Amino acid sequence: MRASWAVIRTIAKRELAAYFESPVAYVFLVIFLLLSGFFTFTFGGFFERGEASLAAFFNWLPWLFLFLVPAAGMRLWSEERRLGTIELLLTMPVAAWQAIVGKFLASWLFLVVALALSFPIVATANWLGDPDNGVIASGYVGAALLAGAYLAISCLTSALTRNQVIAFILAVVLCLALILVGFSPLTDLLARWASPWLVEAVSKFSVLTHYDGFQKGVLDSRDLLYFLSVMAYALFATGVVIRNHRTG
Amino acid sequence: MIKVENLSKSFGSKRAVDGVSFEVGKGEVLGFLGPNGAGKSTTMRMITGFVPPSAGSVSVCGLDVQENPIEVKRRIGYLPEAAPSYTEMSVLSFLKFAAEMRGLRGEGRRSAIRRVVELCHLENVLGQAIDTLSKGFRHRTCLAQALIHDPEVLILDEPTDGLDPNQKHEVRTLIREMGENKAIIFSTHILEEVEAACTRAIIIDRGRIVANGTPQELKARAATGKLEDFFRSITRSDTVAEAA
């Protein structure tokens, strides 16, 4: 067990270093902070809301992450396949699942660091008013889980192809589908002709439905379970794809 | 140390490796010869556990590759074809990564890196990013990775490909020296290498073994006494047979 963890940590460490050895990490962090700040203070109406909360920030995250998380995750496996290093990695004493988990954790940690760097918005809210910091904390937990779910899907699409652009586009499409099934303009449309239970059943599959709970400060185990199962399922599928690719 | 029995691999309807069997013992250096696409790389990938076989079995140090993949991988050092590496890393951090993956820490890791850096002459490029290096250095960096845990079994897929004549000579010498107490399989297109470094050679064509013997034995089978003529006679006769 300990040896297994040591291998995962070695892989994660290399992966995390790879972000910072290339400009990817810095470009990503700057773009994320610029865009999230821009959305929060303009379209989000941070000041006009008349309430001390981070709703303006969190409401935009599912849409911002829709593009940024696949951008951070697209290289995870496609780059290994393009360079041929996948052959090197998988002939070292490591099980495929350890490599998958190690890579995933490194990228997830990177995304959590990016999220944490949005702390000036929290500081602003606290300086201007008296927000419920419990709700903010639960909002961040939800955001981290959302990033993890998108990332696991990006891992899967990245394992499918050696072309990063294809991996990116596939991940965006899949993540968008997971948003849209619960996006109210669309569910309203569906409600016009479908029975309410069907609308509700469909929207249960959406990341938005489960993300919203966290933004209200409600830590529901079902929401947690939803995100964890999306991650587990996508990572398991990644394992199947990598296995099939080697079988030829 | 390496035992390959009736190994086969099909990709769709194409049979890349077809019933290959051989053994390599400690102190043996086996040269793997054959035209491009003959199934050399696929056979090596099956021995290292990267590609699962369609039929047959491979055991390394008495362990079955399918049943104990991790234990087998611990005992093998592998240089894949075209010597891939994480090009954005420096040589030193790449070797540190390889050492840690092999469970080497602290002083063990430091001495292992010192040893392979010296063996592969990487002293002057340790701090450089791999993608800024020449092909020869990249190749040796990947070779260093394969040697870092001083494995009992070495699988080297075209270890001298892309090297200049001096470097080729060095790698051959290195293989011959290491072969004294390891089991080594290496593939090549260069027939002189077989005479220079191998104790035994296998010629493989379209997934089948067409000759197996010491370089001297193989040479003796050609009318001219040249390995090249023998190689051409047995691999070419097949293509002629197919055309007819």
# chains A, B, ... in the order shown; residues from 1 in each chain; ligands from 1

$ residues_around --residues "region 208-224 of chain A" --least-positions-apart "3" --cutoff "10 Å" --atoms "only C-alpha atoms" --output "ChimeraX atom specification"
/A:54-55,58-59,62,132-143,145-146,178-184,200,203-205,227-229

$ write_last_selection --atoms "C-alpha atoms" --output "CSV table (one decimal), in the first residue's frame"
chain,number,residue,atom,x,y,z
A,54,LEU,CA,-19.3,35.4,-3.7
A,55,ALA,CA,-22.4,34.4,-5.7
A,58,PHE,CA,-19.3,31.2,-8.3
A,59,ASN,CA,-22.1,31.6,-10.8
A,62,PRO,CA,-19.1,26.4,-14.4
A,132,ASP,CA,-21.3,34.1,5.6
A,133,ASN,CA,-17.8,32.6,5.3
A,134,GLY,CA,-19.3,29.1,5.8
A,135,VAL,CA,-21.3,29.5,2.6
A,136,ILE,CA,-18.1,30.7,0.8
A,137,ALA,CA,-16.2,27.7,2.1
A,138,SER,CA,-18.9,25.3,0.9
A,139,GLY,CA,-18.9,27.2,-2.4
A,140,TYR,CA,-15.2,26.5,-2.8
A,141,VAL,CA,-15.7,22.8,-2.0
A,142,GLY,CA,-18.3,22.7,-4.7
A,143,ALA,CA,-16.0,24.5,-7.2
A,145,LEU,CA,-15.4,19.1,-7.0
A,146,LEU,CA,-16.8,20.6,-10.3
A,178,LEU,CA,-23.3,17.9,-18.4
A,179,ILE,CA,-24.1,21.5,-17.9
A,180,LEU,CA,-27.0,21.8,-20.4
A,181,VAL,CA,-29.1,19.0,-19.1
A,182,GLY,CA,-29.7,21.1,-16.0
A,183,PHE,CA,-29.4,24.6,-17.5
A,184,SER,CA,-32.8,26.3,-16.8
A,200,GLU,CA,-36.3,16.5,-12.9
A,203,SER,CA,-31.6,17.6,-14.6
A,204,LYS,CA,-30.3,15.3,-11.9
A,205,PHE,CA,-27.5,14.4,-14.3
A,227,PHE,CA,-19.2,14.4,-8.3
A,228,LEU,CA,-17.1,11.6,-6.9
A,229,SER,CA,-18.9,9.1,-9.1

$ interface_residues --of "chain B" --to "chain A" --cutoff "8 Å" --atoms "only C-alpha atoms" --output "list in words"
Phe11, Gly12, Thr48, Gly49, Phe50, Val51, Pro52, Pro69, Ile70, Glu71, Val72, Lys73, Arg74, Tyr78, Leu79, Pro80, Pro84, Ser85, Tyr86, Glu88, Met89, Phe97, Glu100, Met101, Arg102 and Gly103 of chain B

$ residues_around --residues "region 136-148 of chain B" --least-positions-apart "5" --cutoff "9 Å" --atoms "only C-alpha atoms" --output "ChimeraX atom specification"
/B:76-80,82-85,87,91,94-95,98-99,102,109,112-113,115-117,119-122,125,130-131,154-156,159-164,167,171

$ closest_residue --among "A:Ala106, A:Val122, A:Val207, A:Val112" --to "Thr40 (chain A)" --atoms "only C-alpha atoms"
A:Val122

$ select_by_dssp --residues "region 28-107 of chain A" --states "alpha helix (DSSP H)" --output "CSV table (one decimal) with N, CA and C atoms, in the first residue's frame"
chain,number,residue,atom,x,y,z
A,28,PHE,N,-2.2,29.8,-17.7
A,28,PHE,CA,-3.5,29.3,-17.1
A,28,PHE,C,-3.9,30.2,-15.9
A,29,LEU,N,-3.0,30.4,-15.0
A,29,LEU,CA,-3.3,31.1,-13.8
A,29,LEU,C,-3.7,32.5,-14.1
A,30,VAL,N,-2.9,33.2,-14.9
A,30,VAL,CA,-3.2,34.6,-15.3
A,30,VAL,C,-4.6,34.7,-15.9
A,31,ILE,N,-4.8,33.8,-16.9
A,31,ILE,CA,-6.1,33.9,-17.7
A,31,ILE,C,-7.2,33.6,-16.7
A,32,PHE,N,-7.1,32.6,-15.9
A,32,PHE,CA,-8.1,32.2,-15.0
A,32,PHE,C,-8.5,33.4,-14.0
A,33,LEU,N,-7.4,34.0,-13.4
A,33,LEU,CA,-7.7,35.1,-12.5
A,33,LEU,C,-8.3,36.3,-13.2
A,34,LEU,N,-7.7,36.6,-14.3
A,34,LEU,CA,-8.3,37.8,-15.1
A,34,LEU,C,-9.7,37.6,-15.4
A,35,LEU,N,-10.0,36.4,-16.0
A,35,LEU,CA,-11.4,36.2,-16.5
A,35,LEU,C,-12.4,36.1,-15.3
A,36,SER,N,-12.0,35.4,-14.2
A,36,SER,CA,-12.9,35.2,-13.1
A,36,SER,C,-13.1,36.6,-12.5
A,37,GLY,N,-12.1,37.4,-12.4
A,37,GLY,CA,-12.3,38.7,-11.8
A,37,GLY,C,-13.2,39.6,-12.7
A,38,PHE,N,-12.9,39.5,-14.0
A,38,PHE,CA,-13.7,40.2,-15.0
A,38,PHE,C,-15.2,39.9,-14.9
A,39,PHE,N,-15.5,38.6,-14.9
A,39,PHE,CA,-16.9,38.1,-14.8
A,39,PHE,C,-17.5,38.5,-13.5
A,40,THR,N,-16.8,38.4,-12.4
A,40,THR,CA,-17.3,38.6,-11.1
A,40,THR,C,-17.7,40.1,-11.0
A,41,PHE,N,-16.9,41.0,-11.4
A,41,PHE,CA,-17.1,42.4,-11.2
A,41,PHE,C,-17.9,43.1,-12.3
A,55,ALA,N,-21.5,34.9,-4.7
A,55,ALA,CA,-22.4,34.4,-5.7
A,55,ALA,C,-21.9,34.8,-7.1
A,56,ALA,N,-21.5,36.1,-7.2
A,56,ALA,CA,-21.1,36.6,-8.5
A,56,ALA,C,-20.0,35.9,-9.1
A,57,PHE,N,-19.1,35.4,-8.2
A,57,PHE,CA,-17.9,34.7,-8.6
A,57,PHE,C,-18.3,33.2,-9.0
A,58,PHE,N,-19.0,32.6,-8.1
A,58,PHE,CA,-19.3,31.2,-8.3
A,58,PHE,C,-20.2,30.9,-9.4
A,59,ASN,N,-21.2,31.8,-9.7
A,59,ASN,CA,-22.1,31.6,-10.8
A,59,ASN,C,-21.5,31.4,-12.1
A,60,TRP,N,-20.3,32.1,-12.3
A,60,TRP,CA,-19.7,32.1,-13.6
A,60,TRP,C,-18.7,30.9,-13.7
A,61,LEU,N,-18.3,30.3,-12.6
A,61,LEU,CA,-17.3,29.3,-12.6
A,61,LEU,C,-17.6,28.1,-13.6
A,62,PRO,N,-18.8,27.5,-13.5
A,62,PRO,CA,-19.1,26.4,-14.4
A,62,PRO,C,-18.8,26.7,-15.8
A,63,TRP,N,-19.0,27.9,-16.3
A,63,TRP,CA,-18.8,28.3,-17.7
A,63,TRP,C,-17.4,28.6,-17.9
A,64,LEU,N,-16.7,29.2,-17.0
A,64,LEU,CA,-15.3,29.5,-17.1
A,64,LEU,C,-14.5,28.2,-17.2
A,65,PHE,N,-14.8,27.3,-16.2
A,65,PHE,CA,-14.1,26.0,-16.1
A,65,PHE,C,-14.3,25.1,-17.4
A,66,LEU,N,-15.5,25.4,-18.0
A,66,LEU,CA,-15.9,24.6,-19.2
A,66,LEU,C,-14.7,24.6,-20.2
A,67,PHE,N,-14.1,25.8,-20.3
A,67,PHE,CA,-13.0,25.9,-21.2
A,67,PHE,C,-11.6,25.7,-20.6
A,68,LEU,N,-11.5,26.2,-19.4
A,68,LEU,CA,-10.1,26.2,-18.8
A,68,LEU,C,-9.7,24.8,-18.3
A,69,VAL,N,-10.6,24.1,-17.7
A,69,VAL,CA,-10.2,22.7,-17.2
A,69,VAL,C,-9.8,21.8,-18.3
A,70,PRO,N,-10.6,21.7,-19.4
A,70,PRO,CA,-10.1,20.8,-20.5
A,70,PRO,C,-8.8,21.3,-21.0
A,71,ALA,N,-8.5,22.7,-21.0
A,71,ALA,CA,-7.2,23.2,-21.5
A,71,ALA,C,-6.1,22.7,-20.6
A,72,ALA,N,-6.4,22.6,-19.3
A,72,ALA,CA,-5.4,22.1,-18.3
A,72,ALA,C,-5.2,20.6,-18.4
A,73,GLY,N,-6.3,19.9,-18.8
A,73,GLY,CA,-6.2,18.4,-18.8
A,73,GLY,C,-5.9,17.7,-20.1
A,75,ARG,N,-3.5,17.7,-22.2
A,75,ARG,CA,-2.2,17.1,-22.5
A,75,ARG,C,-1.9,15.8,-21.7
A,76,LEU,N,-2.7,15.6,-20.6
A,76,LEU,CA,-2.3,14.5,-19.6
A,76,LEU,C,-1.9,13.2,-20.3
A,77,TRP,N,-2.7,12.7,-21.2
A,77,TRP,CA,-2.4,11.4,-21.8
A,77,TRP,C,-2.0,11.5,-23.3
A,78,SER,N,-2.6,12.6,-24.0
A,78,SER,CA,-2.3,12.7,-25.4
A,78,SER,C,-0.9,13.0,-25.6
A,79,GLU,N,-0.3,13.8,-24.7
A,79,GLU,CA,1.1,14.1,-24.8
A,79,GLU,C,2.0,12.9,-24.6
A,80,GLU,N,1.6,12.0,-23.7
A,80,GLU,CA,2.3,10.8,-23.5
A,80,GLU,C,2.3,9.9,-24.7
A,81,ARG,N,1.2,9.9,-25.4
A,81,ARG,CA,1.0,9.1,-26.6
A,81,ARG,C,1.8,9.7,-27.7
A,82,ARG,N,1.8,11.0,-27.8
A,82,ARG,CA,2.5,11.7,-28.9
A,82,ARG,C,4.0,11.5,-28.8
A,83,LEU,N,4.5,11.7,-27.6
A,83,LEU,CA,6.0,11.6,-27.4
A,83,LEU,C,6.4,10.1,-27.3
A,85,THR,N,6.2,8.4,-24.6
A,85,THR,CA,6.6,8.2,-23.2
A,85,THR,C,5.7,7.3,-22.5
A,86,ILE,N,4.4,7.1,-23.0
A,86,ILE,CA,3.5,6.2,-22.4
A,86,ILE,C,4.1,4.8,-22.3
A,87,GLU,N,5.0,4.4,-23.3
A,87,GLU,CA,5.6,3.1,-23.3
A,87,GLU,C,6.6,3.0,-22.2
A,88,LEU,N,7.3,4.2,-22.0
A,88,LEU,CA,8.3,4.2,-20.9
A,88,LEU,C,7.6,4.1,-19.5
A,89,LEU,N,6.5,4.9,-19.4
A,89,LEU,CA,5.8,5.0,-18.1
A,89,LEU,C,5.2,3.7,-17.7
A,90,LEU,N,4.6,3.0,-18.7
A,90,LEU,CA,3.8,1.8,-18.4
A,90,LEU,C,4.7,0.6,-18.3
A,96,ALA,N,-1.4,0.6,-14.3
A,96,ALA,CA,-2.0,1.7,-15.1
A,96,ALA,C,-2.9,2.6,-14.2
A,97,TRP,N,-3.6,2.0,-13.3
A,97,TRP,CA,-4.5,2.9,-12.4
A,97,TRP,C,-3.7,3.8,-11.6
A,98,GLN,N,-2.5,3.4,-11.2
A,98,GLN,CA,-1.7,4.3,-10.4
A,98,GLN,C,-1.2,5.5,-11.2
A,99,ALA,N,-0.9,5.3,-12.4
A,99,ALA,CA,-0.5,6.4,-13.3
A,99,ALA,C,-1.7,7.3,-13.6
A,100,ILE,N,-2.8,6.7,-13.8
A,100,ILE,CA,-4.0,7.5,-14.0
A,100,ILE,C,-4.3,8.4,-12.8
A,101,VAL,N,-4.3,7.8,-11.6
A,101,VAL,CA,-4.7,8.5,-10.4
A,101,VAL,C,-3.6,9.6,-10.1
A,102,GLY,N,-2.3,9.2,-10.3
A,102,GLY,CA,-1.2,10.2,-10.1
A,102,GLY,C,-1.4,11.4,-10.9
A,103,LYS,N,-1.6,11.2,-12.2
A,103,LYS,CA,-1.7,12.3,-13.1
A,103,LYS,C,-2.9,13.2,-12.8
A,104,PHE,N,-4.0,12.5,-12.5
A,104,PHE,CA,-5.3,13.2,-12.2
A,104,PHE,C,-5.1,14.1,-10.9
A,105,LEU,N,-4.5,13.5,-9.9
A,105,LEU,CA,-4.3,14.2,-8.6
A,105,LEU,C,-3.5,15.5,-8.8
A,106,ALA,N,-2.4,15.3,-9.6
A,106,ALA,CA,-1.5,16.5,-9.9
A,106,ALA,C,-2.3,17.6,-10.5
A,107,SER,N,-3.1,17.3,-11.6
A,107,SER,CA,-3.8,18.3,-12.2
A,107,SER,C,-4.9,18.9,-11.4

$ residues_around --residues "region 17-27 of chain B" --least-positions-apart "4" --cutoff "7 Å" --atoms "only C-alpha atoms" --output "MDAnalysis selection string"
chainID B and resid 1:10 39 43 179:183 207:209

$ residues_around --residues "region 184-199 of chain B" --least-positions-apart "2" --cutoff "9 Å" --atoms "only C-alpha atoms" --output "ChimeraX atom specification"
/B:24-36,40-41,44,152-161,168-169,172-179,182,201,213-216,227-228,231

$ write_last_selection --atoms "C-alpha atoms" --output "CSV table (one decimal), in the first residue's frame"
chain,number,residue,atom,x,y,z
B,24,VAL,CA,18.0,-16.1,-23.1
B,25,GLY,CA,20.1,-17.0,-20.2
B,26,LYS,CA,22.3,-15.0,-17.8
B,27,GLY,CA,25.5,-13.9,-19.6
B,28,GLU,CA,23.9,-14.0,-23.0
B,29,VAL,CA,23.5,-11.1,-25.4
B,30,LEU,CA,20.8,-11.9,-28.0
B,31,GLY,CA,20.8,-9.9,-31.2
B,32,PHE,CA,17.4,-9.5,-32.7
B,33,LEU,CA,17.6,-9.1,-36.5
B,34,GLY,CA,15.0,-8.6,-39.1
B,35,PRO,CA,13.6,-6.3,-41.8
B,36,ASN,CA,11.4,-3.4,-40.8
B,40,LYS,CA,10.9,-7.2,-33.5
B,41,SER,CA,9.4,-4.3,-31.6
B,44,MET,CA,10.0,-6.8,-27.2
B,152,GLU,CA,19.0,-8.3,-14.4
B,153,VAL,CA,17.3,-8.2,-17.8
B,154,LEU,CA,17.8,-5.5,-20.5
B,155,ILE,CA,15.6,-5.1,-23.5
B,156,LEU,CA,17.0,-2.5,-25.9
B,157,ASP,CA,15.1,-1.6,-29.0
B,158,GLU,CA,17.6,-0.3,-31.6
B,159,PRO,CA,20.0,1.1,-29.0
B,160,THR,CA,22.4,2.4,-31.6
B,161,ASP,CA,19.9,4.0,-33.9
B,168,LYS,CA,27.8,3.3,-31.7
B,169,HIS,CA,31.1,1.7,-30.8
B,172,ARG,CA,28.2,-1.8,-28.4
B,173,THR,CA,31.1,-2.1,-25.9
B,174,LEU,CA,28.8,-1.2,-23.1
B,175,ILE,CA,26.3,-3.9,-24.1
B,176,ARG,CA,29.0,-6.5,-24.4
B,177,GLU,CA,30.4,-5.6,-21.0
B,178,MET,CA,27.0,-5.6,-19.3
B,179,GLY,CA,26.1,-8.8,-21.0
B,182,LYS,CA,22.8,-9.9,-17.3
B,201,ALA,CA,21.4,-13.9,-32.9
B,213,GLY,CA,22.5,-19.4,-33.7
B,214,THR,CA,25.8,-17.8,-32.9
B,215,PRO,CA,27.1,-15.2,-35.3
B,216,GLN,CA,29.7,-17.7,-36.5
B,227,LEU,CA,26.4,-12.5,-42.3
B,228,GLU,CA,24.8,-10.0,-44.6
B,231,PHE,CA,20.5,-12.4,-43.9

$ atom_distance --atom1 "CA of Leu186 (chain A)" --atom2 "CA of Gly148 (chain A)"
24.5 Å

$ atom_distance --atom1 "CA of Gly108 (chain B)" --atom2 "CA of Trp5 (chain A)"
19.5 Å

$ atom_distance --atom1 "CA of Val172 (chain A)" --atom2 "CA of Ser53 (chain A)"
28.7 Å

$ closest_residue --among "A:Ala144, A:Ala123, A:Cys155, A:Ala177" --to "Ala232 (chain A)" --atoms "only C-alpha atoms"
A:Cys155
